[in-house]
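Text of the file my_file_7.cif, holding mmCIF, C-alpha atoms:
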data_upload
loop_
_atom_site.group_PDB
_atom_site.id
_atom_site.type_symbol
_atom_site.label_atom_id
_atom_site.label_comp_id
_atom_site.auth_asym_id
_atom_site.auth_seq_id
_atom_site.Cartn_x
_atom_site.Cartn_y
_atom_site.Cartn_z
ATOM 1 C CA MET S 1 -209.124 32.894 -1.088
ATOM 2 C CA ILE S 2 -208.800 30.893 2.096
ATOM 3 C CA ASN S 3 -211.852 28.963 3.205
ATOM 4 C CA ASP S 4 -213.367 29.820 6.557
ATOM 5 C CA TYR S 5 -213.568 26.142 7.383
ATOM 6 C CA ARG S 6 -211.696 22.934 6.652
ATOM 7 C CA ARG S 7 -212.550 19.346 5.850
ATOM 8 C CA SER S 8 -211.936 18.462 9.503
ATOM 9 C CA ASP S 9 -214.846 20.760 10.471
ATOM 10 C CA PHE S 10 -217.312 18.161 9.170
ATOM 11 C CA LYS S 11 -218.070 14.860 10.882
ATOM 12 C CA LYS S 12 -220.569 12.069 10.519
ATOM 13 C CA LYS S 13 -221.082 9.816 13.520
ATOM 14 C CA SER S 14 -223.143 6.674 13.738
ATOM 15 C CA ASP S 15 -224.727 5.611 17.006
ATOM 16 C CA GLU S 16 -225.350 2.051 18.193
ATOM 17 C CA ASP S 17 -228.643 1.846 16.291
ATOM 18 C CA GLY S 18 -226.988 2.841 13.007
ATOM 19 C CA ASN S 19 -228.473 6.335 12.972
ATOM 20 C CA VAL S 20 -226.170 8.923 11.441
ATOM 21 C CA ARG S 21 -225.547 12.208 13.232
ATOM 22 C CA TYR S 22 -224.203 15.108 11.209
ATOM 23 C CA MET S 23 -221.787 17.425 12.940
ATOM 24 C CA PHE S 24 -220.369 20.776 11.873
ATOM 25 C CA LYS S 25 -217.782 22.856 13.732
ATOM 26 C CA CYS S 26 -219.018 26.329 14.583
ATOM 27 C CA ASN S 27 -217.058 28.741 16.816
ATOM 28 C CA GLY S 28 -214.666 25.938 17.760
ATOM 29 C CA GLN S 29 -217.458 23.570 18.894
ATOM 30 C CA PHE S 30 -219.093 20.743 16.989
ATOM 31 C CA ILE S 31 -222.834 21.145 16.765
ATOM 32 C CA GLU S 32 -225.342 18.671 15.418
ATOM 33 C CA VAL S 33 -227.158 19.714 12.258
ATOM 34 C CA ASN S 34 -229.658 17.962 10.045
ATOM 35 C CA LYS S 35 -228.575 16.140 6.898
ATOM 36 C CA GLU S 36 -229.699 18.946 4.565
ATOM 37 C CA VAL S 37 -227.669 21.624 6.368
ATOM 38 C CA TYR S 38 -224.651 19.318 6.477
ATOM 39 C CA SER S 39 -224.962 18.524 2.755
ATOM 40 C CA VAL S 40 -225.253 22.182 1.765
ATOM 41 C CA CYS S 41 -222.245 23.184 3.889
ATOM 42 C CA ILE S 42 -219.962 20.385 2.748
ATOM 43 C CA ARG S 43 -220.920 20.891 -0.918
ATOM 44 C CA SER S 44 -220.171 24.572 -0.498
ATOM 45 C CA TYR S 45 -216.801 23.711 1.019
ATOM 46 C CA TYR S 46 -215.895 21.388 -1.895
ATOM 47 C CA ASN S 47 -217.010 23.964 -4.467
ATOM 48 C CA MET S 48 -214.864 26.646 -2.846
ATOM 49 C CA GLU S 49 -211.889 24.273 -2.719
ATOM 50 C CA LYS S 50 -212.289 23.437 -6.427
ATOM 51 C CA ALA S 51 -212.575 27.135 -7.271
ATOM 52 C CA ASP S 52 -209.421 27.883 -5.268
ATOM 53 C CA ILE S 53 -207.475 25.171 -7.069
ATOM 54 C CA ARG S 54 -208.739 26.355 -10.462
ATOM 55 C CA ASP S 55 -207.866 29.988 -9.682
ATOM 56 C CA VAL S 56 -204.335 29.104 -8.614
ATOM 57 C CA LYS S 57 -203.768 26.925 -11.680
ATOM 58 C CA ARG S 58 -204.820 29.821 -13.903
ATOM 59 C CA ALA S 59 -202.921 32.505 -12.012
ATOM 60 C CA VAL S 60 -199.576 30.841 -11.443
ATOM 61 C CA THR S 61 -197.579 29.931 -14.511
ATOM 62 C CA THR S 62 -194.068 31.136 -13.670
ATOM 63 C CA TYR S 63 -191.843 31.524 -10.626
ATOM 64 C CA ALA S 64 -192.577 35.244 -10.721
ATOM 65 C CA ASP S 65 -196.203 34.418 -9.861
ATOM 66 C CA LEU S 66 -195.402 32.402 -6.727
ATOM 67 C CA ASP S 67 -196.477 35.209 -4.405
ATOM 68 C CA LYS S 68 -200.013 34.867 -5.790
ATOM 69 C CA MET S 69 -200.296 31.366 -4.403
ATOM 70 C CA THR S 70 -198.736 31.647 -0.942
ATOM 71 C CA SER S 71 -202.076 32.181 0.770
ATOM 72 C CA PHE S 72 -203.427 29.156 -1.053
ATOM 73 C CA PHE S 73 -200.862 26.836 0.522
ATOM 74 C CA VAL S 74 -201.841 27.766 4.088
ATOM 75 C CA GLY S 75 -203.693 24.714 5.353
ATOM 76 C CA PHE S 76 -203.652 23.052 1.938
ATOM 77 C CA ASN S 77 -202.598 19.460 2.268
ATOM 78 C CA LYS S 78 -202.644 17.870 -1.189
ATOM 79 C CA ASN S 79 -199.809 16.248 -3.082
ATOM 80 C CA VAL S 80 -199.614 18.599 -6.043
ATOM 81 C CA ASP S 81 -196.300 19.310 -7.705
ATOM 82 C CA TRP S 82 -196.885 23.044 -8.210
ATOM 83 C CA LEU S 83 -193.198 23.855 -8.481
ATOM 84 C CA GLY S 84 -192.675 21.164 -11.107
ATOM 85 C CA THR S 85 -195.590 22.524 -13.117
ATOM 86 C CA ILE S 86 -194.250 26.063 -12.845
ATOM 87 C CA TYR S 87 -190.771 24.885 -13.815
ATOM 88 C CA ILE S 88 -192.146 23.158 -16.929
ATOM 89 C CA ASN S 89 -194.074 26.322 -17.845
ATOM 90 C CA ASP S 90 -190.910 28.391 -17.465
ATOM 91 C CA ILE S 91 -189.022 26.007 -19.744
ATOM 92 C CA TYR S 92 -191.862 26.090 -22.283
ATOM 93 C CA ASP S 93 -191.884 29.907 -22.262
ATOM 94 C CA TYR S 94 -188.109 29.973 -22.725
ATOM 95 C CA ILE S 95 -188.293 27.504 -25.628
ATOM 96 C CA ALA S 96 -191.059 29.555 -27.268
ATOM 97 C CA LYS S 97 -188.890 32.677 -26.937
ATOM 98 C CA GLU S 98 -185.871 30.888 -28.421
ATOM 99 C CA ILE S 99 -187.993 29.590 -31.307
ATOM 100 C CA SER S 100 -189.266 33.083 -32.052
ATOM 101 C CA MET S 101 -185.654 34.269 -32.311
ATOM 102 C CA LEU S 102 -184.545 31.654 -34.863
ATOM 103 C CA ARG S 103 -182.943 33.416 -37.847
ATOM 104 C CA LYS S 104 -184.494 31.487 -40.729
ATOM 105 C CA SER S 105 -188.235 31.877 -41.133
ATOM 106 C CA THR S 106 -188.642 28.256 -42.283
ATOM 107 C CA ASP S 107 -186.821 27.069 -39.168
ATOM 108 C CA ARG S 108 -189.162 29.174 -37.027
ATOM 109 C CA LEU S 109 -192.244 27.828 -38.798
ATOM 110 C CA VAL S 110 -191.065 24.212 -38.538
ATOM 111 C CA ALA S 111 -190.240 24.635 -34.829
ATOM 112 C CA GLU S 112 -193.569 26.334 -34.086
ATOM 113 C CA CYS S 113 -195.533 23.616 -35.866
ATOM 114 C CA ILE S 114 -193.687 20.680 -34.319
ATOM 115 C CA PHE S 115 -192.633 21.861 -30.874
ATOM 116 C CA LEU S 116 -195.353 24.365 -29.980
ATOM 117 C CA GLU S 117 -198.376 23.126 -31.929
ATOM 118 C CA GLY S 118 -197.565 19.411 -31.620
ATOM 119 C CA MET S 119 -197.946 18.720 -35.331
ATOM 120 C CA SER S 120 -196.341 15.710 -36.989
ATOM 121 C CA ILE S 121 -193.565 15.919 -39.576
ATOM 122 C CA GLY S 122 -196.048 15.011 -42.312
ATOM 123 C CA GLU S 123 -198.589 17.630 -41.218
ATOM 124 C CA THR S 124 -195.874 20.262 -41.024
ATOM 125 C CA ALA S 125 -194.481 19.373 -44.463
ATOM 126 C CA LYS S 126 -197.943 19.548 -46.004
ATOM 127 C CA LEU S 127 -198.773 22.865 -44.316
ATOM 128 C CA LEU S 128 -195.489 24.516 -45.282
ATOM 129 C CA GLY S 129 -195.278 22.896 -48.731
ATOM 130 C CA ILE S 130 -191.825 21.398 -48.203
ATOM 131 C CA ALA S 131 -190.507 17.827 -48.272
ATOM 132 C CA LYS S 132 -190.862 15.594 -45.207
ATOM 133 C CA SER S 133 -187.121 14.916 -45.287
ATOM 134 C CA THR S 134 -186.451 18.661 -45.100
ATOM 135 C CA VAL S 135 -188.804 19.034 -42.141
ATOM 136 C CA HIS S 136 -187.178 16.033 -40.455
ATOM 137 C CA LYS S 137 -183.653 17.457 -40.883
ATOM 138 C CA LYS S 138 -184.726 20.898 -39.648
ATOM 139 C CA LYS S 139 -186.505 19.340 -36.676
ATOM 140 C CA LYS S 140 -183.387 17.386 -35.648
ATOM 141 C CA ARG S 141 -181.130 20.439 -35.996
ATOM 142 C CA ILE S 142 -183.518 22.722 -34.080
ATOM 143 C CA GLN S 143 -184.056 20.070 -31.414
ATOM 144 C CA LYS S 144 -180.318 19.807 -30.767
ATOM 145 C CA TYR S 145 -180.051 23.598 -30.575
ATOM 146 C CA LEU S 146 -182.966 23.844 -28.117
ATOM 147 C CA GLN S 147 -181.530 21.061 -25.948
ATOM 148 C CA VAL S 148 -178.278 22.982 -25.617
ATOM 149 C CA VAL S 149 -179.835 26.372 -24.843
ATOM 150 C CA VAL S 150 -182.346 24.920 -22.366
ATOM 151 C CA ALA S 151 -179.625 22.889 -20.639
ATOM 152 C CA ASN S 152 -177.450 26.003 -20.334
ATOM 153 C CA LYS S 153 -180.308 28.058 -18.931
ATOM 154 C CA PHE S 154 -182.010 25.599 -16.552
ATOM 155 C CA PHE S 155 -179.621 22.786 -15.668
#
As structure tokens, how would this structure be written, given the file I've shared?
Amino acid sequence: MINDYRRSDFKKKSDEDGNVRYMFKCNGQFIEVNKEVYSVCIRSYYNMEKADIRDVKRAVTTYADLDKMTSFFVGFNKNVDWLGTIYINDIYDYIAKEISMLRKSTDRLVAECIFLEGMSIGETAKLLGIAKSTVHKKKKRIQKYLQVVVANKFF
């Protein structure tokens, strides 16, 4: 959704006496409004902007979804690394797919626990009922494998 107005459509001006005048752009012209009207309009603007950002973050997770966000970028002037975020999500999805295709079930379980769930070696060993040294060795071997396949795919 593109907002009907922008941040530049709101102005506050102070006169010589220190009185604040609230201005809002309507039909290309700034008109003076009272503080309550100004506050409601600018709050509405910020709420719509937050909703837009939230919607795009939820909707766009891969490069295939980029077309969903093109209208969002029109007039949007924030320093957000959307492409970097999407790239990371693509790598994560690829790693998850590669983990799911590991031949040994214990390797898959170790990789899921450590790389996808963020569990420690100790937590993984306890959950799977295997030695920490075994989990550590499997983690190192799987990590090297994933580094190679991700490098071949993305870099």
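With CA of Met48 in chain S on one side and CA of Lys35 in chain S on the other, the separation reads 19.8 Å.
Distances here use only C-alpha atoms; by that measure, the residue among S:Glu49, S:Glu98, S:Asp107, S:Glu123 closest to Lys140 in chain S is S:Asp107.
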### Task
Find the distance between CA of Val135 in chain S and CA of Leu102 in chain S and write it in Å to one decimal.
15.2 Å
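Comparing the minimum interatomic distances between Gly28 in chain S and each of S:His136, S:Arg43, S:Arg6, S:Lys13, counting all atoms listed in the file, we find that S:Arg6 sits nearest.
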Skipping near chain neighbours, those fewer than 3 positions away, what residues fall within 10 Å of Leu127 in chain S using all atoms listed in the file, listed as a PDB file with C-alpha atoms, in the frame of the given file?
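File part-v7.pdb, as written:
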ATOM      1  CA  LEU S 109    -192.244  27.828 -38.798  1.00  0.00           C
ATOM      2  CA  VAL S 110    -191.065  24.212 -38.538  1.00  0.00           C
ATOM      3  CA  CYS S 113    -195.533  23.616 -35.866  1.00  0.00           C
ATOM      4  CA  MET S 119    -197.946  18.720 -35.331  1.00  0.00           C
ATOM      5  CA  ILE S 121    -193.565  15.919 -39.576  1.00  0.00           C
ATOM      6  CA  GLY S 122    -196.048  15.011 -42.312  1.00  0.00           C
ATOM      7  CA  GLU S 123    -198.589  17.630 -41.218  1.00  0.00           C
ATOM      8  CA  THR S 124    -195.874  20.262 -41.024  1.00  0.00           C
ATOM      9  CA  ILE S 130    -191.825  21.398 -48.203  1.00  0.00           C
TER      10      ILE S 130
END
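CA of Tyr45 in chain S sits 11.1 Å away from CA of Ser8 in chain S.
Distances from S:Lys138, S:Lys153, S:Arg21, S:Lys12 to Tyr94 in chain S were compared using all atoms listed in the file, and the smallest one belongs to S:Lys153.
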Skip Ala111 in chain S itself and residues of its chain fewer than 6 positions away, then list as a tab-separated table (two decimals) with C-alpha atoms, keeping the file's coordinate frame all residues within 8 Å of it, counting only C-alpha atoms.
chain	number	residue	atom	x	y	z
S	99	ILE	CA	-187.99	29.59	-31.31
S	139	LYS	CA	-186.50	19.34	-36.68
S	142	ILE	CA	-183.52	22.72	-34.08
### Query
S:Ala96, S:Asn89, S:Thr106, S:Phe154: which is nearest Lys137 in chain S, counting all atoms listed in the file?
S:Thr106
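Checking S:Cys41, S:Leu116, S:Asn152, S:Asp15 one by one against Lys97 in chain S, counting all atoms listed in the file, you find the shortest gap at S:Leu116.
The set of residues that the PyMOL selection byres ((chain S and resi 9) around 12) takes from this file is Asn3, Asp4, Tyr5, Arg6, Arg7, Ser8, Phe10, Lys11, Lys12, Tyr22, Met23, Phe24, Lys25, Cys26, Asn27, Gly28, Gln29, Phe30, Ile31, Glu32, Tyr38, Cys41, Ile42 and Tyr45 of chain S.
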Box in all listed atoms of range 117-136 of chain S, axis-aligned, with 8 Å more on each side; write out centre and edge lengths in Å to one decimal as AutoDock Vina command-line options.
--center_x -192.6 --center_y 19.7 --center_z -40.2 --size_x 28.3 --size_y 25.6 --size_z 33.1
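Among S:Ile114, S:Val150, S:Ser120, S:Ser133, the residue with the shortest atom-to-atom distance to Asp93 in chain S, counting all atoms listed in the file, is S:Val150.
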Output as an mmCIF file, in the coordinates of the input: range 112-123 of chain S, completed with N, CA and C atoms.
data_model
loop_
_atom_site.group_PDB
_atom_site.id
_atom_site.type_symbol
_atom_site.label_atom_id
_atom_site.label_comp_id
_atom_site.auth_asym_id
_atom_site.auth_seq_id
_atom_site.Cartn_x
_atom_site.Cartn_y
_atom_site.Cartn_z
ATOM 1 N N GLU S 112 -192.256 25.993 -34.649
ATOM 2 C CA GLU S 112 -193.569 26.334 -34.086
ATOM 3 C C GLU S 112 -194.564 25.214 -34.317
ATOM 4 N N CYS S 113 -194.586 24.695 -35.544
ATOM 5 C CA CYS S 113 -195.533 23.616 -35.866
ATOM 6 C C CYS S 113 -195.270 22.361 -35.034
ATOM 7 N N ILE S 114 -194.012 21.955 -34.967
ATOM 8 C CA ILE S 114 -193.687 20.680 -34.319
ATOM 9 C C ILE S 114 -193.622 20.808 -32.801
ATOM 10 N N PHE S 115 -192.886 21.790 -32.309
ATOM 11 C CA PHE S 115 -192.633 21.861 -30.874
ATOM 12 C C PHE S 115 -193.713 22.616 -30.096
ATOM 13 N N LEU S 116 -194.347 23.591 -30.708
ATOM 14 C CA LEU S 116 -195.353 24.365 -29.980
ATOM 15 C C LEU S 116 -196.777 23.907 -30.291
ATOM 16 N N GLU S 117 -197.029 23.545 -31.545
ATOM 17 C CA GLU S 117 -198.376 23.126 -31.929
ATOM 18 C C GLU S 117 -198.570 21.615 -31.845
ATOM 19 N N GLY S 118 -197.468 20.868 -31.748
ATOM 20 C CA GLY S 118 -197.565 19.411 -31.620
ATOM 21 C C GLY S 118 -197.928 18.702 -32.912
ATOM 22 N N MET S 119 -197.631 19.328 -34.036
ATOM 23 C CA MET S 119 -197.946 18.720 -35.331
ATOM 24 C C MET S 119 -196.895 17.666 -35.690
ATOM 25 N N SER S 120 -197.280 16.737 -36.532
ATOM 26 C CA SER S 120 -196.341 15.710 -36.989
ATOM 27 C C SER S 120 -195.470 16.273 -38.110
ATOM 28 N N ILE S 121 -194.449 15.513 -38.479
ATOM 29 C CA ILE S 121 -193.565 15.919 -39.576
ATOM 30 C C ILE S 121 -194.373 16.005 -40.869
ATOM 31 N N GLY S 122 -195.222 15.020 -41.101
ATOM 32 C CA GLY S 122 -196.048 15.011 -42.312
ATOM 33 C C GLY S 122 -197.005 16.195 -42.377
ATOM 34 N N GLU S 123 -197.664 16.487 -41.260
ATOM 35 C CA GLU S 123 -198.589 17.630 -41.218
ATOM 36 C C GLU S 123 -197.839 18.938 -41.460
#
